[in-house]
Amino acid sequence: MADILFSEDFDDETEGAIVSTIGPFDISDGSGSVTTGTDGSSEGDFFIVTDGSGEVGVDYVYGGADGLFLASNDLDSISGVPASEDRILSTDGIDISGYENLSFSIDLAQASMDRWDSDTSFDVRVSIDGGAFETILAVEGTGLNTAPQIDTDLDTVGDGAEITTTFQTFTQAISGTGSTLALQIRHFNSDQTFEDIALDNILIEGDLICLASGTRVLTANGERCIEDLEIGDLVITRDNGAQEVRWIGSRTLAPDHLRTFTKHQPVRIRAGALGRNLPERDLLVSPNHRMLISDWKAEALYGLPSVLVAAKDLINDHSIYRDTSISEVEYVHVLFDRHEIIFAEGAETESFHPHADGLAAVDADARSELLELFPELEHNSSGLPLAAPVLSSCDLVGTAGALTAFRS
């Protein structure tokens, strides 16, 4: 499971309250700040946090609601709110530094499937480090009194799944790189009854994959602490001998961060936890960093000689566990010409594996440098080929006895 970097489910908001912000979001109509509001009628105008009753009127029914959610409809004449057909939720400062494989998800529903016009739209946009906003998810009307549909190719024409009267989850990868992310959620040209949309459970997730500073890595000149490696140093790999370090990056998680986001605490793999003298000394890695399992367990359970498994999926709470005693940690990325298996404290583990959709693990300057070194990453969403097969949490849980075997 990826780390949650941002979430909003509206359940901590006050139902039906007239407010100028909703959770972390500021509200505007594109030209200035506005508040939530409703006229309270059965076929009403509203932009309000609700449980689906009262504020939105009896004609607006949303199935599968999980507590409170935000509903938006006929925005041009809400009582006490500036007349406008548009609403924008916006927030910024979402910390994405050190993460890859970013994704966005949201639950959407609509009270009537056949009342949107072609000029009504809903979209989600992101901006990284103050750059231009990029649309990652869009919903469009397709004609007069039509069902709103996902716009799969972002050409302003709905051609995908319909937004139904029951909440559905929609997920989209976020491409880009940087330290902070800004998010906008927009409902445009809603000026008629039932040009509504309801949203809930907004999530941004990502993976933090790296070794902790202090980890000793096997090089052509013996073991060295990973933070002391330099570009050009030769590191011993399992498959390709000594390979030159092409790029190094790092991110430090301060005490305040680790107290707030305990799931980012490093995983400690005790000496010998992965086999005889593997690792040779205690090893600290980020929860999503993958270790290579190459013994009989991989062959017996999956018919493979070796597999990569995330450290968090190996936790057994005695020899492999989240080390909450660590108050601050520096995570370090090391990149080679290809994804490699390297030796950290004697144990086999992966090097940094960048993706075109996952380069948010580094800042903008580092991304530019990486794309100069590896221009193929710009248009290759899978990134560099993997050094070994990867098992997900679902793979592990889905096989009887697998977790027990791997965690022994």
# chains A, B, ... in the order shown; residues from 1 in each chain; ligands from 1

call {"tool": "closest_atom_pairs", "arguments": {"of": "stretch 153-232 of chain A", "to": "stretch 246-250 of chain A", "cutoff": "9 Å", "atoms": "only C-alpha atoms", "output": "tab-separated table"}}
result
residue	atom	partner	partner_atom	distance
A:Cys210	CA	A:Ser250	CA	8.5
A:Ser213	CA	A:Ser250	CA	8.9
A:Glu227	CA	A:Ser250	CA	8.4
A:Leu229	CA	A:Ile248	CA	8.0
A:Glu230	CA	A:Ile248	CA	7.3
A:Ile231	CA	A:Arg246	CA	5.5
A:Gly232	CA	A:Arg246	CA	6.4

call {"tool": "write_last_selection", "arguments": {"atoms": "all heavy atoms", "output": "compact mmCIF listing (two decimals), in the first residue's frame"}}
result
# COMPACT_ATOMS: atom_id res chain seq x y z
N CYS A 210 13.88 3.99 -0.70
CA CYS A 210 15.30 4.32 -0.57
C CYS A 210 15.90 3.67 0.66
O CYS A 210 15.20 3.18 1.55
CB CYS A 210 15.51 5.84 -0.52
SG CYS A 210 14.14 6.75 0.18
N SER A 213 20.57 6.65 5.40
CA SER A 213 21.99 6.97 5.53
C SER A 213 22.60 6.12 6.64
O SER A 213 21.92 5.70 7.58
CB SER A 213 22.16 8.46 5.84
OG SER A 213 21.55 8.77 7.09
N GLU A 227 25.67 7.43 1.99
CA GLU A 227 25.69 8.89 1.87
C GLU A 227 27.05 9.42 1.46
O GLU A 227 27.18 10.59 1.06
CB GLU A 227 25.22 9.55 3.17
CG GLU A 227 26.16 9.39 4.35
CD GLU A 227 25.90 8.14 5.16
OE1 GLU A 227 25.33 7.17 4.60
OE2 GLU A 227 26.25 8.14 6.34
N LEU A 229 28.87 7.96 -0.99
CA LEU A 229 29.09 7.65 -2.40
C LEU A 229 29.03 8.93 -3.23
O LEU A 229 28.32 9.88 -2.91
CB LEU A 229 28.04 6.67 -2.91
CG LEU A 229 28.07 5.25 -2.33
CD1 LEU A 229 26.93 4.44 -2.91
CD2 LEU A 229 29.41 4.59 -2.60
N GLU A 230 29.79 8.92 -4.33
CA GLU A 230 29.80 10.04 -5.26
C GLU A 230 29.54 9.54 -6.67
O GLU A 230 29.75 8.35 -6.98
CB GLU A 230 31.16 10.75 -5.20
CG GLU A 230 31.48 11.35 -3.84
CD GLU A 230 32.84 12.02 -3.80
OE1 GLU A 230 33.57 11.93 -4.83
OE2 GLU A 230 33.18 12.62 -2.76
N ILE A 231 29.08 10.44 -7.52
CA ILE A 231 28.87 10.10 -8.92
C ILE A 231 30.19 9.62 -9.52
O ILE A 231 31.23 10.24 -9.33
CB ILE A 231 28.31 11.31 -9.69
CG1 ILE A 231 26.89 11.63 -9.20
CG2 ILE A 231 28.29 11.04 -11.19
CD1 ILE A 231 26.32 12.91 -9.75
N GLY A 232 30.14 8.48 -10.19
CA GLY A 232 31.34 7.90 -10.77
C GLY A 232 31.91 6.76 -9.96
O GLY A 232 32.73 5.97 -10.48

call {"tool": "select_by_dssp", "arguments": {"residues": "stretch 153-356 of chain A", "states": "strand (DSSP E)", "output": "ChimeraX atom specification"}}
result
/A:168-173,180-188,197-207,211-212,216-219,222-225,234-237,241-244,247-253,267-269,283-285,290-293,307-310,320-322,329-335,341-344,347-350

call {"tool": "atom_distance", "arguments": {"atom1": "atom CA of A:Glu85", "atom2": "atom CA of A:Ser190"}}
result
5.2 Å

call {"tool": "closest_atom_pairs", "arguments": {"of": "stretch 203-258 of chain A", "to": "stretch 300-321 of chain A", "cutoff": "12 Å", "atoms": "only C-alpha atoms", "output": "tab-separated table"}}
result
residue	atom	partner	partner_atom	distance
A:Asp207	CA	A:Ala310	CA	10.5
A:Leu208	CA	A:Ala310	CA	10.7
A:Ile209	CA	A:Ala310	CA	9.0
A:Cys210	CA	A:Ala311	CA	10.6
A:Leu211	CA	A:Ala311	CA	10.8
A:Arg238	CA	A:Ser306	CA	11.9

call {"tool": "write_last_selection", "arguments": {"atoms": "all heavy atoms", "output": "short mmCIF file (atom, residue, chain, number, x, y, z; two decimals), in the first residue's frame"}}
result
data_model
loop_
_atom_site.label_atom_id
_atom_site.label_comp_id
_atom_site.auth_asym_id
_atom_site.auth_seq_id
_atom_site.Cartn_x
_atom_site.Cartn_y
_atom_site.Cartn_z
N ASP A 207 4.90 6.41 -3.24
CA ASP A 207 5.84 5.47 -2.64
C ASP A 207 7.16 6.16 -2.32
O ASP A 207 7.70 6.89 -3.16
CB ASP A 207 6.13 4.30 -3.60
CG ASP A 207 4.91 3.45 -3.87
OD1 ASP A 207 4.05 3.36 -2.97
OD2 ASP A 207 4.82 2.89 -4.97
N LEU A 208 7.68 5.92 -1.12
CA LEU A 208 8.99 6.41 -0.70
C LEU A 208 9.93 5.20 -0.70
O LEU A 208 9.75 4.28 0.10
CB LEU A 208 8.89 7.02 0.69
CG LEU A 208 10.12 7.74 1.26
CD1 LEU A 208 10.45 8.97 0.42
CD2 LEU A 208 9.88 8.13 2.70
N ILE A 209 10.90 5.18 -1.62
CA ILE A 209 11.71 3.99 -1.83
C ILE A 209 13.19 4.36 -1.78
O ILE A 209 13.71 4.98 -2.70
CB ILE A 209 11.39 3.34 -3.19
CG1 ILE A 209 9.90 2.96 -3.25
CG2 ILE A 209 12.27 2.14 -3.45
CD1 ILE A 209 9.48 2.35 -4.55
N CYS A 210 13.88 3.99 -0.70
CA CYS A 210 15.30 4.32 -0.57
C CYS A 210 15.90 3.67 0.66
O CYS A 210 15.20 3.18 1.55
CB CYS A 210 15.51 5.84 -0.52
SG CYS A 210 14.14 6.75 0.18
N LEU A 211 17.24 3.70 0.73
CA LEU A 211 18.00 3.22 1.87
C LEU A 211 18.28 4.37 2.82
O LEU A 211 18.40 5.53 2.40
CB LEU A 211 19.32 2.61 1.40
CG LEU A 211 19.22 1.35 0.53
CD1 LEU A 211 20.54 1.09 -0.19
CD2 LEU A 211 18.84 0.14 1.38
N ARG A 238 24.73 -7.50 -8.42
CA ARG A 238 24.60 -8.95 -8.53
C ARG A 238 24.78 -9.42 -9.97
O ARG A 238 25.40 -10.47 -10.22
CB ARG A 238 23.22 -9.37 -8.02
CG ARG A 238 22.98 -10.87 -8.07
CD ARG A 238 21.51 -11.23 -7.86
NE ARG A 238 20.66 -10.76 -8.97
CZ ARG A 238 19.43 -11.16 -9.20
NH1 ARG A 238 18.87 -12.06 -8.39
NH2 ARG A 238 18.71 -10.68 -10.19
#

call {"tool": "closest_residue", "arguments": {"among": "A:Glu13, A:Asp92, A:Glu140, A:Asp39", "to": "A:Asn189", "atoms": "only C-alpha atoms"}}
result
A:Glu140

call {"tool": "residues_around", "arguments": {"residues": "A:Pro24", "least_positions_apart": "4", "cutoff": "9 Å", "atoms": "only C-alpha atoms", "output": "count of residues only"}}
result
4

call {"tool": "select_by_dssp", "arguments": {"residues": "stretch 159-355 of chain A", "states": "helix (DSSP H, G or I)", "output": "PyMOL selection string"}}
result
chain A and resi 226-228+255-260+262-264+296-302+311-314

call {"tool": "atom_distance", "arguments": {"atom1": "atom CA of A:Ala242", "atom2": "atom CA of A:Glu100"}}
result
26.4 Å

call {"tool": "residues_around", "arguments": {"residues": "stretch 215-217 of chain A", "least_positions_apart": "6", "cutoff": "6 Å", "atoms": "only C-alpha atoms", "output": "list in words"}}
result
Glu223, Arg224, Cys225, Ile226, Phe343, Ala344 and Glu345 of chain A

call {"tool": "write_last_selection", "arguments": {"atoms": "N, CA and C atoms", "output": "mmCIF file, in the first residue's frame"}}
result
data_model
loop_
_atom_site.group_PDB
_atom_site.id
_atom_site.type_symbol
_atom_site.label_atom_id
_atom_site.label_comp_id
_atom_site.auth_asym_id
_atom_site.auth_seq_id
_atom_site.Cartn_x
_atom_site.Cartn_y
_atom_site.Cartn_z
ATOM 1 N N GLU A 223 33.217 -1.857 1.440
ATOM 2 C CA GLU A 223 31.958 -1.266 1.887
ATOM 3 C C GLU A 223 32.125 0.212 2.214
ATOM 4 N N ARG A 224 31.126 1.006 1.805
ATOM 5 C CA ARG A 224 31.112 2.448 2.101
ATOM 6 C C ARG A 224 29.691 2.844 2.488
ATOM 7 N N CYS A 225 29.583 3.830 3.361
ATOM 8 C CA CYS A 225 28.258 4.359 3.713
ATOM 9 C C CYS A 225 27.620 4.977 2.481
ATOM 10 N N ILE A 226 26.352 4.722 2.303
ATOM 11 C CA ILE A 226 25.683 5.148 1.075
ATOM 12 C C ILE A 226 25.735 6.659 0.880
ATOM 13 N N PHE A 343 24.326 -4.697 -2.930
ATOM 14 C CA PHE A 343 24.513 -5.361 -1.641
ATOM 15 C C PHE A 343 24.591 -4.310 -0.539
ATOM 16 N N ALA A 344 23.567 -4.275 0.327
ATOM 17 C CA ALA A 344 23.497 -3.332 1.443
ATOM 18 C C ALA A 344 23.597 -4.119 2.735
ATOM 19 N N GLU A 345 24.634 -3.867 3.512
ATOM 20 C CA GLU A 345 24.920 -4.666 4.723
ATOM 21 C C GLU A 345 24.930 -6.156 4.379
#

call {"tool": "closest_residue", "arguments": {"among": "A:Phe47, A:Phe6, A:Tyr60, A:Phe104", "to": "A:Val126", "atoms": "only C-alpha atoms"}}
result
A:Phe104

call {"tool": "atom_distance", "arguments": {"atom1": "atom CA of A:Ala298", "atom2": "atom CA of A:Asp337"}}
result
26.8 Å

call {"tool": "closest_residue", "arguments": {"among": "A:Glu328, A:Asp12, A:Glu350, A:Glu340", "to": "A:Ile293", "atoms": "only C-alpha atoms"}}
result
A:Glu350

call {"tool": "residues_around", "arguments": {"residues": "A:Gln192", "least_positions_apart": "6", "cutoff": "9 Å", "atoms": "only C-alpha atoms", "output": "NGL selection string"}}
result
:A and (45 or 73-76 or 115-117)

call {"tool": "residues_around", "arguments": {"residues": "A:Asp239", "least_positions_apart": "4", "cutoff": "9 Å", "atoms": "only C-alpha atoms", "output": "ChimeraX atom specification"}}
result
/A:340-342,387

call {"tool": "write_last_selection", "arguments": {"atoms": "all heavy atoms", "output": "short mmCIF file (atom, residue, chain, number, x, y, z; two decimals), in the first residue's frame"}}
result
data_model
loop_
_atom_site.label_atom_id
_atom_site.label_comp_id
_atom_site.auth_asym_id
_atom_site.auth_seq_id
_atom_site.Cartn_x
_atom_site.Cartn_y
_atom_site.Cartn_z
N GLU A 340 19.39 -2.07 -10.73
CA GLU A 340 20.35 -3.08 -10.32
C GLU A 340 19.99 -3.66 -8.95
O GLU A 340 19.29 -3.03 -8.15
CB GLU A 340 21.76 -2.47 -10.23
CG GLU A 340 22.32 -1.95 -11.54
CD GLU A 340 22.84 -3.03 -12.47
OE1 GLU A 340 22.65 -4.23 -12.16
OE2 GLU A 340 23.44 -2.69 -13.50
N ILE A 341 20.51 -4.86 -8.71
CA ILE A 341 20.50 -5.44 -7.37
C ILE A 341 21.88 -5.19 -6.77
O ILE A 341 22.90 -5.59 -7.34
CB ILE A 341 20.22 -6.96 -7.41
CG1 ILE A 341 18.86 -7.23 -8.08
CG2 ILE A 341 20.26 -7.53 -6.01
CD1 ILE A 341 17.67 -6.59 -7.39
N ILE A 342 21.92 -4.48 -5.65
CA ILE A 342 23.18 -4.15 -4.99
C ILE A 342 23.20 -4.83 -3.62
O ILE A 342 22.22 -5.46 -3.20
CB ILE A 342 23.36 -2.63 -4.86
CG1 ILE A 342 22.25 -2.01 -3.99
CG2 ILE A 342 23.38 -1.97 -6.24
CD1 ILE A 342 22.43 -0.53 -3.71
N ALA A 387 15.15 -5.21 -12.37
CA ALA A 387 16.23 -6.19 -12.22
C ALA A 387 15.71 -7.55 -11.79
O ALA A 387 16.41 -8.55 -11.94
CB ALA A 387 17.25 -5.67 -11.20
#

call {"tool": "residues_around", "arguments": {"residues": "A:Gly158", "least_positions_apart": "4", "cutoff": "12 Å", "atoms": "only C-alpha atoms", "output": "list of chain:residue names"}}
result
A:Trp116, A:Asp117, A:Ser118, A:Asp119, A:Thr120, A:Ser121, A:Phe122, A:Asp123, A:Leu137, A:Ala138, A:Val139, A:Glu140, A:Gly141, A:Thr142, A:Gly143, A:Thr146, A:Ala147, A:Pro148, A:Gln149, A:Ile150, A:Asp151, A:Thr152, A:Asp153, A:Leu154, A:Glu162, A:Ile163
